[in-house]
Amino acid sequence: AMAAPGPDTGADLAREYDLPEADEAWRQAAATFARDVLAPTVQEADRDGHMAPTIIPGLGGAGLIGAALPAGDGGGGASMLAACLVGEEIGAVDGSARGFLAVQGGLVLAPLVKYGTDDQKSAWAGPLMRGEAVGACALTEPEAGCDLGAMRTTIREDGDDVVIDGEKV
């Protein structure tokens, strides 16, 4: 069985590194979620090839999806250190859940709250942060994999439309 992070380990970590109180609170929230919610599901999820349906809304309900996003945009306003601690605690129990946090929070939500229109933010930021919607990043191409330099897909404006020429997998 996989060992889940425990309160004693975390308390030692906080003392050893003199973590700011707010960062330690984020770490504790992630460790608690990892231990109590994620750990009981991870073996079955690995065997079945899918995450338990409670995990994504659970991460959202715990505030972990949008932890590092600005509070003014509905995020948790966590420091970069706290965001790293959240990722470490979740990833210590399930790398897939850690990967989900990186994509949903970093590749989907971060650009949305920074560059999205008010209508886009209004429609999507809340559901994505709460884990009610799942975002994705169209990166991989048939001939390039995820080698950015070899990608050939382009985007162009055509009147009021945006046209994507190429293929993503």
# chains A, B, ... in the order shown; residues from 1 in each chain; ligands from 1
>>> residues_around(residues="Leu38 in chain A", least_positions_apart="3", cutoff="10 Å", atoms="only C-alpha atoms", output="compact mmCIF listing (two decimals) with C-alpha atoms, in the first residue's frame")
# COMPACT_ATOMS: atom_id res chain seq x y z
CA ALA A 4 -0.09 8.84 2.50
CA ALA A 30 -3.58 19.31 0.37
CA ALA A 31 -2.13 16.66 2.70
CA THR A 32 -5.51 16.12 4.33
CA PHE A 33 -7.23 15.81 0.95
CA ALA A 34 -4.52 13.44 -0.29
CA ARG A 35 -4.75 11.24 2.79
CA THR A 41 -9.22 5.68 -4.45
CA VAL A 42 -5.79 5.60 -6.07
CA GLN A 43 -5.15 1.85 -6.38
CA ALA A 45 -8.11 4.23 -10.24
CA MET A 51 -9.88 8.79 -11.62
CA ALA A 52 -12.75 8.33 -9.16
CA THR A 54 -15.38 12.42 -6.67
CA ILE A 55 -11.75 13.55 -7.04
CA GLY A 58 -13.28 17.31 -4.34
CA LEU A 59 -10.11 19.14 -5.41
CA ILE A 90 -1.13 15.59 -4.00
CA VAL A 93 -0.24 10.07 -3.37
CA ASP A 94 -1.32 10.24 -7.03
CA ALA A 97 -4.23 14.01 -9.76
>>> atom_distance(atom1="CA of Asp165 in chain A", atom2="CA of Gly116 in chain A")
22.1 Å
>>> atom_distance(atom1="CA of Val169 in chain A", atom2="CA of Pro57 in chain A")
25.9 Å
>>> select_by_dssp(residues="chain A", states="strand (DSSP E)", output="list in words")
Thr154, Ile155, Arg156, Glu157, Asp158, Asp161, Val162, Val163, Ile164 and Asp165 of chain A
>>> select_by_dssp(residues="range 15-132 of chain A", states="helix (DSSP H, G or I)", output="PyMOL selection string")
chain A and resi 15-17+21-48+55-61+71-73+80-93+95-115+118-130
>>> residues_around(residues="Leu69 in chain A", least_positions_apart="5", cutoff="12 Å", atoms="only C-alpha atoms", output="list of chain:residue names")
A:Gly63, A:Leu64, A:Gly74, A:Gly75, A:Gly76, A:Gly77, A:Ala78, A:Ser79, A:Met80, A:Ala82, A:Ala83, A:Gln104, A:Gly105, A:Gly106, A:Leu107, A:Val108, A:Leu109, A:Ala110, A:Pro111, A:Leu112, A:Val113, A:Lys114, A:Ala125, A:Gly126, A:Met129
>>> atom_distance(atom1="CA of Cys137 in chain A", atom2="CA of Val103 in chain A")
7.4 Å
>>> closest_residue(among="A:Pro142, A:Glu88, A:Leu81, A:Ala102", to="Tyr17 in chain A", atoms="only C-alpha atoms")
A:Leu81
>>> closest_residue(among="A:Arg156, A:Arg98, A:Lys168, A:Arg47", to="Cys84 in chain A", atoms="only C-alpha atoms")
A:Arg98
>>> residues_around(residues="Val163 in chain A", least_positions_apart="5", cutoff="12 Å", atoms="only C-alpha atoms", output="JSON, numbers by chain")
{"A": [153, 154, 155, 156, 157, 158]}
>>> closest_residue(among="A:Glu89, A:Asp48, A:Asp36, A:Glu167", to="Ala138 in chain A", atoms="only C-alpha atoms")
A:Glu167
>>> closest_residue(among="A:Gly149, A:Gly49, A:Gly60, A:Pro20", to="Glu132 in chain A", atoms="only C-alpha atoms")
A:Gly60
